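K.L.:
I have a structure I would like to understand better, so I am pasting it below and will then ask my questions one at a time.
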Amino acid sequence: MRFQNVNGEHILIFPGVALMPREDGAFALIDLREIDLAFTAVQFVEDEDVPGDSQVVGHSWAKVNKNGSPDLRFRESYPIPLCLYGRKVFTTPGGVEEEYQLSNAAVAGEFARAFNAYRSTWAVS
């Protein structure tokens with residue numbers, strides 16, 4: 001399984017280990033037991049196209065008042081969708097901290113639960 005990262009190292013997940021290749025040809029090999037995966041659902045004001053698999057949970061406005069209502073001084077104050085995205089953060093004691101946002105919060109949450117359950121099967125007893 002591969003998580004591509006636009007501004008950091010990719011994470012490749014294999015049974016028992018994660019591999020993080022670097023641009024210089026070196027790579028980090030990390031035991032899955034060292035990786036913590038945190039998941040949260042976050043609301044995101046999507047001012048571009050809404051991905052087909054995301055859930056729209058409300059709307060904001062292009063021009064908005066402090067109380068969240070549309071600023072009527074502007075005729076171009078159109079509604080902007082508020083989407084529910086999934087935020088996953090991989091961290092290790094060695095300093096890895098890679099964050100991903102995914103457009104389908106439910107699938108991202110299920111992956112985090114499955115990853116953490118899988119990781120726990122590798123725990124040393």
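Going through the structure tokens in order, the chains are called A, B, and so on, while each chain numbers its residues from 1 and the ligands are numbered from 1 in the order shown.
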List every residue of chain A that DSSP, applied to the backbone, labels as strand (DSSP E or B), and write the result as an MDAnalysis selection string.
P.N.:
chainID A and resid 2:3 11:14 17:21 27:31 36:45 55:61 64 70 79:91 97:102
K.L.:
Extract, using only C-alpha atoms, all DNA, RNA and protein residues at most 8 Å from Ala112 (chain A), discarding same-chain residues fewer than 4 positions from it, and format them as a list in words.
P.N.:
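Residues near the query, excluding close chain neighbours: Leu37, Ala38, Phe39, Lys88, Ala108 and Asn116 of chain A.
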K.L.:
How would the residues just picked look written out with N, CA and C atoms as a PDB file, in the first residue's frame?
P.N.:
```pdb
ATOM      1  N   LEU A  37      -0.878   5.978  14.240  1.00  0.00           N
ATOM      2  CA  LEU A  37      -1.738   6.571  13.226  1.00  0.00           C
ATOM      3  C   LEU A  37      -2.938   7.184  13.928  1.00  0.00           C
ATOM      4  N   ALA A  38      -3.033   8.508  13.870  1.00  0.00           N
ATOM      5  CA  ALA A  38      -4.155   9.222  14.480  1.00  0.00           C
ATOM      6  C   ALA A  38      -5.108   9.646  13.368  1.00  0.00           C
ATOM      7  N   PHE A  39      -6.387   9.523  13.621  1.00  0.00           N
ATOM      8  CA  PHE A  39      -7.413   9.918  12.661  1.00  0.00           C
ATOM      9  C   PHE A  39      -8.366  10.904  13.311  1.00  0.00           C
ATOM     10  N   LYS A  88      -5.378  12.027   8.535  1.00  0.00           N
ATOM     11  CA  LYS A  88      -4.569  10.953   9.109  1.00  0.00           C
ATOM     12  C   LYS A  88      -3.159  11.485   9.331  1.00  0.00           C
ATOM     13  N   ALA A 108     -11.446   6.847   5.311  1.00  0.00           N
ATOM     14  CA  ALA A 108     -10.195   7.174   6.002  1.00  0.00           C
ATOM     15  C   ALA A 108     -10.232   6.679   7.445  1.00  0.00           C
ATOM     16  N   ASN A 116      -4.561   0.219  12.701  1.00  0.00           N
ATOM     17  CA  ASN A 116      -4.209   0.088  14.116  1.00  0.00           C
ATOM     18  C   ASN A 116      -4.482  -1.322  14.628  1.00  0.00           C
TER      19      ASN A 116
END
```
K.L.:
Write out, as a Markdown table, each residue of region 1-33 of chain A that has an atom at most 12 Å from region 96-107 of chain A, together with the closest pair of atoms and their distance in Å to one decimal, counting only C-alpha atoms, rows going by chain and rising number.
P.N.:
```
| residue | atom | partner | partner_atom | distance |
| --- | --- | --- | --- | --- |
| A:Phe3 | CA | A:Tyr100 | CA | 8.4 |
| A:Gln4 | CA | A:Tyr100 | CA | 9.0 |
| A:Asn5 | CA | A:Tyr100 | CA | 7.7 |
| A:Val6 | CA | A:Tyr100 | CA | 9.7 |
| A:Asn7 | CA | A:Glu98 | CA | 9.6 |
| A:Gly8 | CA | A:Glu98 | CA | 7.4 |
| A:Glu9 | CA | A:Glu98 | CA | 8.0 |
| A:His10 | CA | A:Glu98 | CA | 8.8 |
| A:Ile11 | CA | A:Glu98 | CA | 8.7 |
| A:Ala18 | CA | A:Val96 | CA | 11.5 |
| A:Leu19 | CA | A:Val96 | CA | 11.7 |
| A:Met20 | CA | A:Val96 | CA | 9.8 |
| A:Ala28 | CA | A:Val96 | CA | 10.0 |
| A:Leu29 | CA | A:Val96 | CA | 11.5 |
| A:Ile30 | CA | A:Val96 | CA | 9.7 |
```
K.L.:
What does the file look like for those residues with C-alpha atoms, as a compact mmCIF listing (two decimals), in the first residue's frame?
P.N.:
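Output file out37.txt follows:
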```
# COMPACT_ATOMS: atom_id res chain seq x y z
CA PHE A 3 0.56 6.87 0.39
CA GLN A 4 1.94 9.53 -1.92
CA ASN A 5 2.90 12.83 -0.37
CA VAL A 6 3.17 16.05 -2.36
CA ASN A 7 5.69 17.73 -0.06
CA GLY A 8 7.32 14.91 1.88
CA GLU A 9 8.34 11.28 1.69
CA HIS A 10 5.92 8.64 0.47
CA ILE A 11 4.96 5.86 2.85
CA ALA A 18 6.80 0.71 6.44
CA LEU A 19 9.29 1.96 3.88
CA MET A 20 9.92 5.66 3.24
CA ALA A 28 13.91 4.52 6.07
CA LEU A 29 12.64 1.14 7.15
CA ILE A 30 10.24 1.49 10.10
```
K.L.:
Between A:Leu32, A:Leu84, A:Val64, A:Ala41, which has the minimum distance to Thr121 (chain A) (counting only C-alpha atoms)?
P.N.:
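So, comparing all the options, the nearest one is A:Leu32.
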K.L.:
Which value, in Å to one decimal, gives the distance between CA of Thr40 (chain A) and CA of Gly109 (chain A)?
P.N.:
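That distance, rounded to one decimal, is 7.6 Å.
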K.L.:
Using CA of Cys83 (chain A) and CA of Lys63 (chain A) as the two end points, give the distance in Å to one decimal.
P.N.:
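Separation between CA of Cys83 (chain A) and CA of Lys63 (chain A): 17.8 Å.
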K.L.:
Just asking: which residues within chain A are helix (DSSP H, G or I) according to DSSP, as a PyMOL selection string?
P.N.:
chain A and resi 32-34+105-121
K.L.:
Give me, as a PyMOL selection string, all polymer residues having an atom no more than 9 Å from Gly58 (chain A), counting only C-alpha atoms and skipping those fewer than 4 positions away in the same chain.
P.N.:
chain A and resi 80-83
